[in-house]
file my_file.cif (mmCIF, C-alpha atoms and all ligand atoms)
data_data
#
loop_
_atom_site.label_atom_id
_atom_site.label_comp_id
_atom_site.auth_asym_id
_atom_site.auth_seq_id
_atom_site.Cartn_x
_atom_site.Cartn_y
_atom_site.Cartn_z
CA MET A 1 -14.89 18.68 1.38
CA ASN A 2 -13.81 15.92 -0.92
CA ARG A 3 -11.98 17.15 -3.97
CA VAL A 4 -9.84 14.01 -3.97
CA ARG A 5 -12.87 12.01 -5.17
CA GLY A 6 -11.99 10.09 -8.30
CA GLY A 7 -8.24 10.51 -7.98
CA ALA A 8 -5.69 7.84 -7.17
CA VAL A 9 -4.45 7.75 -3.60
CA VAL A 10 -1.45 5.67 -2.67
CA VAL A 11 -1.68 4.21 0.83
CA LYS A 12 1.45 2.72 2.33
CA PHE A 13 0.64 0.24 5.06
CA GLY A 14 3.73 -0.22 7.24
CA GLY A 15 4.74 -3.52 8.75
CA ASN A 16 4.59 -1.96 12.20
CA ALA A 17 1.03 -0.77 11.63
CA MET A 18 -0.18 -4.27 10.72
CA VAL A 19 1.00 -6.22 13.73
CA ASP A 20 -2.49 -7.12 14.87
CA ALA A 21 -5.10 -9.01 12.86
CA SER A 22 -7.97 -6.67 13.74
CA LEU A 23 -5.98 -3.67 12.42
CA LYS A 24 -5.40 -5.46 9.13
CA ARG A 25 -9.13 -6.16 8.81
CA ALA A 26 -10.01 -2.56 9.73
CA PHE A 27 -7.47 -1.32 7.17
CA ALA A 28 -9.01 -3.53 4.48
CA ARG A 29 -12.49 -2.20 5.29
CA ASP A 30 -11.24 1.38 5.10
CA VAL A 31 -9.56 0.85 1.74
CA VAL A 32 -12.78 -0.59 0.31
CA GLU A 33 -14.74 2.29 1.85
CA LEU A 34 -12.38 4.76 0.13
CA TRP A 35 -13.03 2.96 -3.14
CA ARG A 36 -16.79 3.22 -2.54
CA THR A 37 -16.53 7.00 -2.06
CA GLY A 38 -15.06 7.23 -5.56
CA LEU A 39 -11.37 7.39 -4.71
CA ARG A 40 -9.01 4.95 -6.38
CA PRO A 41 -6.77 3.50 -3.65
CA VAL A 42 -3.50 1.73 -4.42
CA VAL A 43 -1.91 -0.10 -1.50
CA VAL A 44 1.86 -0.43 -1.16
CA HIS A 45 2.66 -2.58 1.82
CA GLY A 46 5.70 -2.93 4.04
CA GLY A 47 6.62 -5.89 6.20
CA GLY A 48 9.96 -5.08 7.80
CA PRO A 49 9.15 -6.70 11.18
CA GLN A 50 7.66 -9.74 9.44
CA ILE A 51 10.84 -10.17 7.33
CA SER A 52 13.00 -9.82 10.44
CA ALA A 53 10.90 -12.46 12.25
CA MET A 54 11.33 -14.91 9.37
CA LEU A 55 15.08 -14.23 9.12
CA ASP A 56 15.29 -14.87 12.85
CA LEU A 57 13.41 -18.14 12.48
CA LEU A 58 15.85 -19.18 9.77
CA GLY A 59 18.85 -18.18 11.90
CA LEU A 60 19.80 -15.30 9.56
CA GLU A 61 20.92 -11.87 10.70
CA SER A 62 18.79 -8.68 10.36
CA ARG A 63 20.93 -5.58 10.03
CA PHE A 64 19.92 -2.05 9.07
CA GLU A 65 22.11 0.83 7.91
CA ALA A 66 20.60 4.31 7.47
CA GLY A 67 17.12 2.76 7.94
CA LEU A 68 17.60 0.20 5.13
CA ARG A 69 18.00 -3.56 5.46
CA VAL A 70 21.41 -4.89 4.50
CA THR A 71 20.30 -7.36 1.83
CA THR A 72 22.42 -10.34 0.79
CA PRO A 73 21.17 -12.65 -2.00
CA GLU A 74 20.02 -15.05 0.75
CA THR A 75 18.14 -12.22 2.52
CA MET A 76 16.58 -11.18 -0.79
CA ASP A 77 14.95 -14.60 -1.17
CA VAL A 78 13.38 -14.24 2.27
CA VAL A 79 12.28 -10.64 1.57
CA ARG A 80 10.51 -11.73 -1.61
CA MET A 81 8.95 -14.75 0.06
CA VAL A 82 7.62 -12.86 3.08
CA LEU A 83 6.43 -9.73 1.23
CA SER A 84 4.81 -11.30 -1.82
CA GLY A 85 4.03 -14.74 -0.41
CA ARG A 86 2.69 -13.79 2.95
CA VAL A 87 2.06 -10.13 3.80
CA GLN A 88 0.61 -9.27 0.40
CA ARG A 89 -1.52 -12.45 0.30
CA GLU A 90 -2.99 -11.65 3.71
CA LEU A 91 -3.92 -8.09 2.71
CA VAL A 92 -5.38 -9.22 -0.60
CA GLY A 93 -7.43 -11.80 1.31
CA HIS A 94 -8.75 -9.24 3.81
CA ILE A 95 -9.73 -6.75 1.09
CA ASN A 96 -11.39 -9.45 -0.96
CA GLU A 97 -13.63 -10.39 1.96
CA HIS A 98 -15.59 -7.32 0.77
CA GLY A 99 -15.75 -8.23 -2.92
CA PRO A 100 -13.52 -8.99 -5.89
CA PHE A 101 -11.35 -5.89 -5.46
CA ALA A 102 -7.74 -6.61 -4.64
CA VAL A 103 -5.08 -7.84 -7.07
CA GLY A 104 -1.61 -8.47 -5.69
CA MET A 105 1.51 -7.67 -7.67
CA THR A 106 5.11 -6.65 -7.07
CA GLY A 107 7.15 -3.85 -8.59
CA GLU A 108 8.84 -6.53 -10.67
CA ASP A 109 5.65 -7.36 -12.55
CA ALA A 110 5.52 -6.00 -16.11
CA HIS A 111 8.61 -3.91 -15.20
CA THR A 112 6.40 -1.65 -13.10
CA MET A 113 9.35 -0.49 -10.99
CA THR A 114 12.94 -0.36 -12.16
CA ALA A 115 15.60 0.13 -9.52
CA VAL A 116 19.32 0.76 -9.32
CA ARG A 117 21.53 -0.27 -6.44
CA ARG A 118 21.20 2.34 -3.72
CA PRO A 119 24.43 3.68 -2.27
CA ALA A 120 24.35 4.31 1.49
CA ARG A 121 26.50 6.47 3.72
CA VAL A 122 26.85 6.16 7.47
CA ASP A 123 28.64 9.01 9.28
CA GLY A 124 29.75 10.26 5.87
CA ARG A 125 31.37 6.93 4.93
CA PRO A 126 30.04 4.69 2.14
CA VAL A 127 28.68 1.34 3.37
CA ASP A 128 27.70 -1.70 1.32
CA ILE A 129 24.03 -2.53 1.95
CA GLY A 130 23.82 -5.12 -0.82
CA LEU A 131 20.75 -5.63 -2.97
CA VAL A 132 18.87 -2.52 -1.85
CA GLY A 133 17.34 -0.62 -4.72
CA ASP A 134 16.24 2.92 -5.36
CA VAL A 135 13.39 3.20 -7.84
CA VAL A 136 14.52 5.19 -10.87
CA ASP A 137 11.68 4.45 -13.24
CA VAL A 138 8.01 3.52 -12.78
CA ASN A 139 5.79 2.25 -15.54
CA PRO A 140 2.32 2.59 -13.98
CA GLY A 141 0.46 1.00 -16.92
CA VAL A 142 -0.62 -2.20 -15.18
CA VAL A 143 -1.63 -0.34 -12.02
CA ARG A 144 -3.69 2.12 -14.09
CA THR A 145 -5.39 -0.72 -15.95
CA LEU A 146 -6.29 -2.40 -12.67
CA LEU A 147 -7.73 0.88 -11.36
CA GLU A 148 -9.72 1.40 -14.55
CA GLU A 149 -11.11 -2.12 -14.17
CA GLY A 150 -12.31 -1.26 -10.67
CA HIS A 151 -9.61 -3.16 -8.79
CA ILE A 152 -7.46 -2.23 -5.81
CA PRO A 153 -3.80 -3.00 -6.59
CA VAL A 154 -1.76 -4.26 -3.63
CA VAL A 155 1.92 -3.81 -4.44
CA SER A 156 4.98 -5.39 -2.79
CA PRO A 157 8.07 -3.16 -2.71
CA VAL A 158 10.36 -5.32 -4.79
CA ALA A 159 11.79 -4.01 -8.06
CA ARG A 160 13.73 -5.26 -11.03
CA GLY A 161 17.04 -3.70 -12.04
CA GLU A 162 18.04 -3.04 -15.63
CA ASP A 163 20.77 -5.55 -14.85
CA GLY A 164 18.06 -8.20 -14.32
CA GLN A 165 18.79 -8.31 -10.58
CA VAL A 166 15.92 -8.18 -8.08
CA TYR A 167 16.16 -5.39 -5.51
CA ASN A 168 14.71 -4.86 -2.05
CA VAL A 169 13.12 -1.40 -1.97
CA ASN A 170 12.06 0.40 1.17
CA ALA A 171 8.26 0.42 1.05
CA ASP A 172 7.97 4.15 1.85
CA LEU A 173 10.14 5.02 -1.13
CA ALA A 174 8.35 2.54 -3.39
CA ALA A 175 4.99 4.07 -2.42
CA SER A 176 6.30 7.55 -3.08
CA ALA A 177 7.67 6.65 -6.53
CA LEU A 178 4.40 5.00 -7.51
CA ALA A 179 2.36 7.99 -6.26
CA VAL A 180 4.44 10.35 -8.43
CA ALA A 181 4.18 8.12 -11.51
CA LEU A 182 0.40 7.77 -11.12
CA GLY A 183 -0.05 11.50 -10.58
CA ALA A 184 -1.81 10.55 -7.34
CA GLU A 185 -3.78 13.12 -5.40
CA ARG A 186 -2.40 11.92 -2.11
CA LEU A 187 0.20 9.72 -0.50
CA VAL A 188 -0.67 8.34 2.93
CA MET A 189 1.91 6.56 5.09
CA LEU A 190 0.37 4.49 7.89
CA THR A 191 2.79 3.73 10.69
CA ASP A 192 2.94 3.03 14.42
CA VAL A 193 3.40 6.58 15.71
CA GLU A 194 1.08 9.60 15.59
CA GLY A 195 3.17 11.41 12.99
CA LEU A 196 6.59 13.00 12.80
CA TYR A 197 7.67 13.91 16.31
CA ALA A 198 9.77 17.03 16.83
CA ASN A 199 12.95 16.25 18.72
CA TRP A 200 12.28 12.50 18.88
CA PRO A 201 12.91 10.45 21.11
CA HIS A 202 12.86 13.22 23.72
CA SER A 203 9.39 14.45 22.88
CA THR A 204 6.22 13.13 21.27
CA GLU A 205 4.98 16.48 20.07
CA VAL A 206 3.64 15.90 16.54
CA ILE A 207 4.68 18.29 13.78
CA GLU A 208 1.29 18.71 12.12
CA HIS A 209 2.24 20.69 9.05
CA LEU A 210 5.43 20.84 7.04
CA THR A 211 6.38 22.41 3.75
CA ALA A 212 8.68 20.55 1.42
CA ASP A 213 11.39 23.15 1.88
CA ALA A 214 11.23 22.93 5.67
CA LEU A 215 11.28 19.13 5.52
CA ASP A 216 14.26 19.16 3.17
CA GLY A 217 16.26 20.98 5.82
CA MET A 218 15.20 18.50 8.52
CA LEU A 219 15.94 15.27 6.65
CA PRO A 220 19.64 14.92 7.54
CA GLY A 221 18.73 15.04 11.25
CA LEU A 222 16.01 12.37 11.14
CA ALA A 223 16.44 8.94 12.67
CA SER A 224 15.92 5.52 11.08
CA GLY A 225 12.31 4.62 10.42
CA MET A 226 11.18 8.18 9.85
CA LEU A 227 14.00 8.97 7.44
CA PRO A 228 12.73 6.94 4.42
CA LYS A 229 9.14 7.91 5.28
CA MET A 230 9.83 11.64 5.23
CA GLU A 231 12.16 11.33 2.24
CA GLY A 232 9.25 9.57 0.49
CA CYS A 233 6.85 12.39 1.43
CA LEU A 234 9.31 14.98 0.16
CA ARG A 235 9.89 13.22 -3.16
CA ALA A 236 6.12 12.81 -3.57
CA VAL A 237 5.14 16.45 -3.10
CA ARG A 238 8.11 17.61 -5.17
CA GLY A 239 6.99 15.16 -7.85
CA GLY A 240 3.48 16.58 -8.12
CA VAL A 241 1.46 14.86 -5.37
CA ARG A 242 -0.57 17.57 -3.66
CA LYS A 243 -0.22 16.30 -0.11
CA ALA A 244 1.57 13.54 1.73
CA HIS A 245 0.45 12.39 5.16
CA VAL A 246 2.04 10.34 7.92
CA LEU A 247 -0.76 8.87 10.03
CA ASP A 248 -1.07 6.55 13.01
CA GLY A 249 -2.15 3.21 11.57
CA ARG A 250 -2.96 1.93 15.08
CA VAL A 251 -5.96 4.26 15.19
CA PRO A 252 -9.04 2.66 13.65
CA HIS A 253 -10.14 4.38 10.42
CA ALA A 254 -6.98 6.50 10.27
CA VAL A 255 -7.05 6.48 6.45
CA LEU A 256 -10.68 7.53 6.25
CA ARG A 257 -10.18 10.30 8.78
CA GLY A 258 -6.99 11.42 7.05
CA LEU A 259 -8.50 11.59 3.59
CA LEU A 260 -12.15 12.35 4.16
CA GLY A 261 -12.20 14.21 7.48
CA GLU A 262 -12.31 17.95 7.86
CA THR A 263 -8.77 18.06 9.15
CA SER A 264 -6.00 15.53 8.93
CA PRO A 265 -4.43 14.06 12.03
CA GLY A 266 -0.73 13.22 11.95
CA THR A 267 1.80 15.08 9.82
CA THR A 268 0.89 16.66 6.48
CA VAL A 269 3.54 17.69 3.96
CA VAL A 270 2.75 20.14 1.15
CA PRO A 271 4.91 21.35 -1.75
CA GLY A 272 6.95 24.54 -1.72
CA SER A 273 7.74 26.83 1.15
CA SER A 274 4.37 28.32 2.00
CA PRO A 275 2.27 26.52 4.64
CA ASP A 276 -0.97 28.05 3.21
CA HIS A 277 -2.53 24.77 2.11
CA CYS A 278 -1.52 22.59 5.03
CA GLY A 279 -4.62 22.75 7.16
CA SER A 280 -7.61 21.31 5.34
CA THR A 281 -7.97 17.92 3.72
CA VAL A 282 -8.98 19.32 0.32
N1 LIG B 1 11.05 11.92 14.54
C1 LIG B 1 10.39 10.76 14.69
N2 LIG B 1 9.07 10.77 14.93
C2 LIG B 1 8.36 9.62 15.07
N3 LIG B 1 8.93 8.38 15.00
C3 LIG B 1 10.25 8.29 14.76
C4 LIG B 1 11.04 9.47 14.60
N4 LIG B 1 12.31 9.08 14.33
C5 LIG B 1 12.33 7.75 14.34
N5 LIG B 1 11.10 7.25 14.59
C6 LIG B 1 10.78 5.83 14.63
O1 LIG B 1 10.22 5.45 13.37
C7 LIG B 1 9.31 4.39 13.59
C8 LIG B 1 8.39 4.23 12.37
O2 LIG B 1 9.11 3.69 11.27
P1 LIG B 1 9.14 2.14 10.96
O3 LIG B 1 9.47 1.38 12.20
O4 LIG B 1 10.02 1.91 9.78
O5 LIG B 1 7.61 1.87 10.65
P2 LIG B 1 6.82 1.28 9.41
O6 LIG B 1 6.90 -0.21 9.52
O7 LIG B 1 5.46 1.80 9.61
O8 LIG B 1 7.46 1.80 8.14
C9 LIG B 1 8.62 4.79 14.87
O9 LIG B 1 8.03 3.68 15.52
C10 LIG B 1 9.76 5.41 15.69
O10 LIG B 1 10.37 4.40 16.48
C1 LIG B 2 15.54 -1.86 1.83
C2 LIG B 2 14.58 -2.14 2.94
O1 LIG B 2 14.85 -1.80 4.08
N1 LIG B 2 13.45 -2.78 2.62
C3 LIG B 2 12.45 -3.13 3.58
C4 LIG B 2 11.21 -3.55 2.81
C5 LIG B 2 9.98 -3.69 3.69
C6 LIG B 2 9.60 -2.37 4.34
O2 LIG B 2 9.99 -1.28 3.96
O3 LIG B 2 8.71 -2.55 5.36
P1 LIG B 2 8.25 -1.44 6.47
O4 LIG B 2 7.54 -0.39 5.72
O5 LIG B 2 7.36 -2.25 7.34
O6 LIG B 2 9.47 -0.93 7.17
C7 LIG B 2 12.91 -4.31 4.49
O7 LIG B 2 13.60 -5.19 4.01
O8 LIG B 2 12.52 -4.29 5.67
#

call {"tool": "encode", "arguments": {"input": "my_file.cif", "output": "structure tokens"}}
result
Amino acid sequence: MNRVRGGAVVVKFGGNAMVDASLKRAFARDVVELWRTGLRPVVVHGGGPQISAMLDLLGLESRFEAGLRVTTPETMDVVRMVLSGRVQRELVGHINEHGPFAVGMTGEDAHTMTAVRRPARVDGRPVDIGLVGDVVDVNPGVVRTLLEEGHIPVVSPVARGEDGQVYNVNADLAASALAVALGAERLVMLTDVEGLYANWPHSTEVIEHLTADALDGMLPGLASGMLPKMEGCLRAVRGGVRKAHVLDGRVPHAVLRGLLGETSPGTTVVPGSSPDHCGSTV
């Protein structure tokens, strides 16, 4: 059942999936359980709602274009503070309740992730979304060393540009880039819906299996939220990750069920155009 044993798995924990304290604790337990089965989990966390709440508290505007936060230098300070100073610290704390596993870092550390400014288009027109980065290079050395030392890296989606600027990276895309660079067996995106819904918001029928080629054709029609997630899944499987999953992080033990169960709930994306390998978890 478990051919992923021993391999790296990148688990993206979305800000919307971590709204309640018991879910964060359950997630931490699951990640440690994965580690105990022999897998090597790497956590990339989000925190969009938490950033928006802090911006609100500070009287600053939250605005999204094409699913990405419009990031001014002032916003960037808050993004960094909330992601690395708060969300990441909380997750590291929860995981470390089980032992000396988690080490927090950001994509900036040791030049792990290098980003360039990401252009955005809305209705075909270019829009300025500020300091939003797209990861163009990943140096997974520090993450690998942590894994080899038996640690669980917890990575904030912030990257450094070659220009020395710090960029805000969508966490789904950061997780995907890291999964590719690590040669991870799996990428798992935990969110607050059951998977990718067909014809959302009119239906909640989950698309269980998707090939990369089918997903590629669907991307332009996807709405905010799911767009970076599915783009991340597509980049991952096209970059060598065997499977990418979108799972409901509100369900206890979603990660364990998704990776170790006989069949995966949620949406599973596989490379190519043949759905042959979609069904099982191995
Ligand atoms: N086709 C779709 N299927 C499911 N959810 C969708 C779809 N299109 C947009 N969404 C929205 O995407 C959201 C998940 O993305 P997001 O809010 O960014 O979560 P996270 O914080 O986990 O990254 C869902 O709650 C839903 O509102
Ligand atoms: C550029 C961009 O949009 N960055 C995101 C980073 C956090 C994130 O992606 O968090 P979720 O996974 O919880 O949405 C933001 O500022 O909200």

call {"tool": "residues_near_ligand", "arguments": {"input": "my_file.cif", "ligand": "ligand LIG 1 (chain B)", "cutoff": "10 Å", "atoms": "all atoms listed in the file", "output": "number ranges by chain"}}
result
A: 12-19, 45-50, 67-68, 170-172, 189-207, 218-219, 221-230, 246-249, 267

call {"tool": "residues_around", "arguments": {"input": "my_file.cif", "residues": "region 150-154 of chain A", "least_positions_apart": "4", "cutoff": "8 Å", "atoms": "all atoms listed in the file", "output": "list of chain:residue names"}}
result
A:Arg40, A:Pro41, A:Val42, A:Val43, A:Val44, A:His45, A:Gln88, A:Leu91, A:Val92, A:Pro100, A:Phe101, A:Ala102, A:Val103, A:Gly104, A:Met105, A:Val143, A:Leu146

call {"tool": "axis_aligned_box", "arguments": {"input": "my_file.cif", "around": "region 40-56 of chain A", "padding_each_side": "8 Å", "output": "lines of an AutoDock Vina configuration file"}}
result
center_x = 3.1
center_y = -5.0
center_z = 3.2
size_x = 40.3
size_y = 35.9
size_z = 35.2

call {"tool": "atom_distance", "arguments": {"input": "my_file.cif", "atom1": "CA of Val70 (chain A)", "atom2": "CA of Asp56 (chain A)"}}
result
14.4 Å

call {"tool": "closest_residue", "arguments": {"input": "my_file.cif", "among": "A:Ala175, A:Leu34, A:Val79, A:Ile95", "to": "Leu55 (chain A)", "atoms": "only C-alpha atoms"}}
result
A:Val79

call {"tool": "atom_distance", "arguments": {"input": "my_file.cif", "atom1": "CA of Leu23 (chain A)", "atom2": "CA of Gly85 (chain A)"}}
result
19.7 Å

call {"tool": "closest_residue", "arguments": {"input": "my_file.cif", "among": "A:Glu185, A:Glu108, A:Glu208, A:Glu148", "to": "Val237 (chain A)", "atoms": "only C-alpha atoms"}}
result
A:Glu185

call {"tool": "decode", "arguments": {"input": "my_file.cif", "residues": "region 204-266 of chain A", "atoms": "C-alpha atoms", "output": "PDB file, in the first residue's frame"}}
result
ATOM      1  CA  THR A 204     -20.240  20.916  -5.014  1.00  0.00           C
ATOM      2  CA  GLU A 205     -19.566  17.809  -7.023  1.00  0.00           C
ATOM      3  CA  VAL A 206     -15.892  16.945  -6.434  1.00  0.00           C
ATOM      4  CA  ILE A 207     -13.716  16.130  -9.436  1.00  0.00           C
ATOM      5  CA  GLU A 208     -11.883  13.144  -7.972  1.00  0.00           C
ATOM      6  CA  HIS A 209      -9.308  12.498 -10.663  1.00  0.00           C
ATOM      7  CA  LEU A 210      -7.638  14.784 -13.143  1.00  0.00           C
ATOM      8  CA  THR A 211      -4.778  14.384 -15.567  1.00  0.00           C
ATOM      9  CA  ALA A 212      -2.346  17.229 -16.034  1.00  0.00           C
ATOM     10  CA  ASP A 213      -3.497  17.738 -19.604  1.00  0.00           C
ATOM     11  CA  ALA A 214      -7.160  17.939 -18.597  1.00  0.00           C
ATOM     12  CA  LEU A 215      -6.323  20.341 -15.771  1.00  0.00           C
ATOM     13  CA  ASP A 216      -4.274  22.529 -18.098  1.00  0.00           C
ATOM     14  CA  GLY A 217      -7.372  23.087 -20.206  1.00  0.00           C
ATOM     15  CA  MET A 218      -9.479  23.937 -17.137  1.00  0.00           C
ATOM     16  CA  LEU A 219      -7.112  26.444 -15.505  1.00  0.00           C
ATOM     17  CA  PRO A 220      -8.229  29.590 -17.355  1.00  0.00           C
ATOM     18  CA  GLY A 221     -11.813  28.989 -16.167  1.00  0.00           C
ATOM     19  CA  LEU A 222     -10.991  28.525 -12.471  1.00  0.00           C
ATOM     20  CA  ALA A 223     -11.901  31.078  -9.831  1.00  0.00           C
ATOM     21  CA  SER A 224      -9.677  32.726  -7.217  1.00  0.00           C
ATOM     22  CA  GLY A 225      -8.565  30.439  -4.422  1.00  0.00           C
ATOM     23  CA  MET A 226      -8.560  27.306  -6.546  1.00  0.00           C
ATOM     24  CA  LEU A 227      -6.578  28.900  -9.357  1.00  0.00           C
ATOM     25  CA  PRO A 228      -3.148  29.019  -7.619  1.00  0.00           C
ATOM     26  CA  LYS A 229      -3.862  25.661  -5.959  1.00  0.00           C
ATOM     27  CA  MET A 230      -4.559  23.868  -9.234  1.00  0.00           C
ATOM     28  CA  GLU A 231      -1.757  25.734 -11.020  1.00  0.00           C
ATOM     29  CA  GLY A 232       0.515  24.471  -8.214  1.00  0.00           C
ATOM     30  CA  CYS A 233      -0.715  20.886  -8.692  1.00  0.00           C
ATOM     31  CA  LEU A 234      -0.157  21.130 -12.437  1.00  0.00           C
ATOM     32  CA  ARG A 235       3.376  22.508 -12.099  1.00  0.00           C
ATOM     33  CA  ALA A 236       4.167  19.806  -9.533  1.00  0.00           C
ATOM     34  CA  VAL A 237       3.124  16.797 -11.594  1.00  0.00           C
ATOM     35  CA  ARG A 238       4.691  18.285 -14.721  1.00  0.00           C
ATOM     36  CA  GLY A 239       7.857  18.811 -12.687  1.00  0.00           C
ATOM     37  CA  GLY A 240       8.157  15.168 -11.644  1.00  0.00           C
ATOM     38  CA  VAL A 241       5.942  14.806  -8.550  1.00  0.00           C
ATOM     39  CA  ARG A 242       3.944  11.612  -9.014  1.00  0.00           C
ATOM     40  CA  LYS A 243       0.665  12.857  -7.584  1.00  0.00           C
ATOM     41  CA  ALA A 244      -0.782  16.066  -6.241  1.00  0.00           C
ATOM     42  CA  HIS A 245      -3.840  16.079  -3.997  1.00  0.00           C
ATOM     43  CA  VAL A 246      -6.298  18.738  -2.889  1.00  0.00           C
ATOM     44  CA  LEU A 247      -7.874  17.574   0.373  1.00  0.00           C
ATOM     45  CA  ASP A 248     -10.339  18.923   2.906  1.00  0.00           C
ATOM     46  CA  GLY A 249      -8.234  20.100   5.837  1.00  0.00           C
ATOM     47  CA  ARG A 250     -11.367  20.432   7.989  1.00  0.00           C
ATOM     48  CA  VAL A 251     -11.646  16.652   8.102  1.00  0.00           C
ATOM     49  CA  PRO A 252      -9.589  15.167  10.932  1.00  0.00           C
ATOM     50  CA  HIS A 253      -6.648  13.072   9.676  1.00  0.00           C
ATOM     51  CA  ALA A 254      -7.152  14.214   6.073  1.00  0.00           C
ATOM     52  CA  VAL A 255      -3.399  13.981   5.393  1.00  0.00           C
ATOM     53  CA  LEU A 256      -3.093  10.482   6.809  1.00  0.00           C
ATOM     54  CA  ARG A 257      -6.118   9.268   4.879  1.00  0.00           C
ATOM     55  CA  GLY A 258      -4.900  10.972   1.716  1.00  0.00           C
ATOM     56  CA  LEU A 259      -1.414   9.520   1.851  1.00  0.00           C
ATOM     57  CA  LEU A 260      -1.803   6.225   3.646  1.00  0.00           C
ATOM     58  CA  GLY A 261      -5.388   5.189   2.914  1.00  0.00           C
ATOM     59  CA  GLU A 262      -6.436   2.789   0.209  1.00  0.00           C
ATOM     60  CA  THR A 263      -8.015   5.548  -1.812  1.00  0.00           C
ATOM     61  CA  SER A 264      -7.571   9.277  -1.651  1.00  0.00           C
ATOM     62  CA  PRO A 265     -10.470  11.571  -0.906  1.00  0.00           C
ATOM     63  CA  GLY A 266     -10.549  14.983  -2.581  1.00  0.00           C
TER      64      GLY A 266
END
